[in-house]
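Q: Shown below is the structure under consideration.
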Protein chains: 2
Amino acid sequence: MTPARIERLRQVLARRQPDLTVLTDYVHKGRNLSAIIRTADAVGISDVHCVIGDSDYKRFLGTSMGSHSWVDVHRYRELAPPVELLKTQGYQIVAAHLSPTAVDFHEVDYTKPTALMLGAERVGISEQGEAYADVHITVPMVGMVESFNVSVAAGIILTEARHQRQQAGLYDQQRIDQATYDRLFFEWGHP
Amino acid sequence: MTPARIERLRQVLARRQPDLTVLTDYVHKGRNLSAIIRTADAVGISDVHCVIGDSDYKRFLGTSMGSHSWVDVHRYRELAPPVELLKTQGYQIVAAHLSPTAVDFHEVDYTKPTALMLGAERVGISEQGEAYADVHITVPMVGMVESFNVSVAAGIILTEARHQRQQAGLYDQQRIDQATYDRLFFEWGHP
Ligand SMILES: C[S@@+](CC[C@H](N)C(=O)[O-])C[C@H]1O[C@@H](n2cnc3c(N)ncnc32)[C@H](O)[C@@H]1O
Ligand SMILES: C[S@@+](CC[C@H](N)C(=O)[O-])C[C@H]1O[C@@H](n2cnc3c(N)ncnc32)[C@H](O)[C@@H]1O
């Protein structure tokens with residue numbers, strides 16, 4: 001590795017946000033998942049949780065789903081296990097969901113440990129996902145279409161999260177523990 | 001049409017922003033163009049300009065490219081005609097472009113007549129597009145990937161534009177002229 005490459009890996013690792021993640025609720029289009037994972041990396045997310053569902057699970061085994069090497073993608077067949085894990089770890093579950101009780105996405109405090117839940121193209125957030133969520137958020141729209149593409153919605157909301165975390169100085173200090181830092185530095189440096 | 005439907009069409013038309021548009025610089029993936037057009041509608045854009053290029057032009061003839069019925073999609077084989085048109089009409093050309101002179105996308109005043117120029121997945125903004133642009137902007141990234149998917153970048157930047165225009169009250173008054181309003185009301189109401 002060149003010194004410039006080493007420096008780049010160190011800069012990225014120093015900005016990883018271990019308490020920000022994405023949880024996809026049966027999103028099944030590979031290109032949407034890829035774009036979401038790519039965006040997650042770009043805002044400093046190190047782990048995403050993808051609930052894929054039984055029928056799609058096999059199809060996604062062994063596929064890279066995009067920026068896999070920079071983001072650890074955890075796959076599940078059901079929503080309960082990742083939600084329970086994240087709740088135990090103190091994350092708020094924020095569902096991007098056009099429900100009657102949803103608030104504007106700017107109103108959430110993304111500097112807290114946060115999991116952004118995203119729904120599938122046709123059915124949106126599942127009934128189960130709706131119930132698990134601590135809050136529903138929407139990105140306001142003023143046109144005729146009823147929704148954004150899910151990866152576009154993810155980009156808009158995660159950019160707000162990045163902005164709030166930047167204001168709060170969360171990218172100015174190392175946030176991941178040293179063991180994780182060392183593991184990722186080794187993995188990325190020796191692919 | 002039901003009264004609720006008529007009311008919805010009127011609300012959307014009353015918020016259309018005739019001085020905000022998107023100009024795609026040889027973006028050729030249909031699904032990216034579709035997602036961009038869908039997002040354009042959602043922020044109140046009525047017209048987008050797509051430079052498709054000779055080899056892809058036929059392929060796109062007759063395809064809907066997404067939310068076509070709500071957004072007028074103008075197609076070109078070259079960049080010069082739409083750029084000259086937009087410049088004559090007083091638009092600033094803002095290129096989303098990771099160049100050394102680019103500024104943070106928050107720094108642009110999107111309440112001015114603005115065309116957001118977007119580049120293709122692999123090659124980005126063309127040399128010609130780079131030269132035509134009044135300003136280059138980037139969405140900051142802190143990860144390993146070099147860029148966002150183009151439709152995700154469009155969503156992030158157009159959301160900032162919508163936000164600025166909302167603050168400035170540009171969605172609180174009818175912005176399109178009455179002739180355009182009447183034409184669109186008729187077209188949308190009688191598909
Ligand atoms: C295409 S949308 C699903 C639309 C679905 N018909 C519904 O009514 O929920 C796919 C996912 O993108 C996210 N999304 C899209 N547009 C959104 C918006 N304006 N606000 C919040 N989330 C949105 C949500 O997570 C949604 O479940
Ligand atoms: C996948 S990117 C192109 C990457 C290309 N390799 C380059 O270096 O320009 C496709 C388009 O999305 C937009 N884009 C993607 N990420 C961006 C960012 N961080 N800032 C500004 N524009 C971006 C730009 O319009 C770009 O031309």
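Letters A, B, ... go to the chains of the structure tokens in the order shown; residues in each chain start at 1; ligands are counted from 1 in the same order.
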DSSP on the backbone: which residues in stretch 7-183 of chain B end up as alpha helix (DSSP H)? Give the answer as number ranges by chain.

A: B: 7-15, 30-42, 54-60, 80-88, 127-132, 150-167, 178-183

Q: Using only C-alpha atoms, find which residues of chain B lie within 10 Å of chain A and jot them down as a PyMOL selection string.

A: chain B and resi 8-9+11-16+31+34-36+38-46+67+69-71+139-160+162-163+171

Q: If we count only C-alpha atoms and set the cut-off at 9 Å, which residues sit around B:Val108, ignoring sequence neighbours fewer than 5 positions away in its own chain? Please answer as a list in words.

A: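 Counting only the stated atoms, we get Val94, Val103, Val135, Ile137 and Ala161 of chain B.
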
Q: Which of stretch 89-142 of chain A counts as strand (DSSP E or B) under DSSP, as a PyMOL selection string please?

A: chain A and resi 92-96+103-104+114-120+124+135-138

Q: Could you state the separation of atom CA of B:Leu85 and atom CA of B:Asp104 in Å, given to one decimal place?

A: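 For atom CA of B:Leu85 relative to atom CA of B:Asp104, the distance reads 26.4 Å.
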
Q: Here is a test: counting only C-alpha atoms and all ligand atoms, which residue of A:Asp54, A:Glu187, A:Glu7, A:Glu127 is nearest to ligand 1?

A: A:Glu127

Q: When you count only C-alpha atoms, which of these residues is closest to A:Asn32: A:Gly189, A:Glu130, A:Gly119, A:Asp172?

A: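 Selected residue with least distance to A:Asn32: A:Gly119.
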
Q: Let me make sure I understand: among B:Arg165, B:Lys112, B:His106, B:Arg75, which one has the smallest atom-to-atom distance to ligand 2 if we use only C-alpha atoms and all ligand atoms?

A: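 Among B:Arg165, B:Lys112, B:His106, B:Arg75, it is B:His106 that comes nearest to ligand 2.
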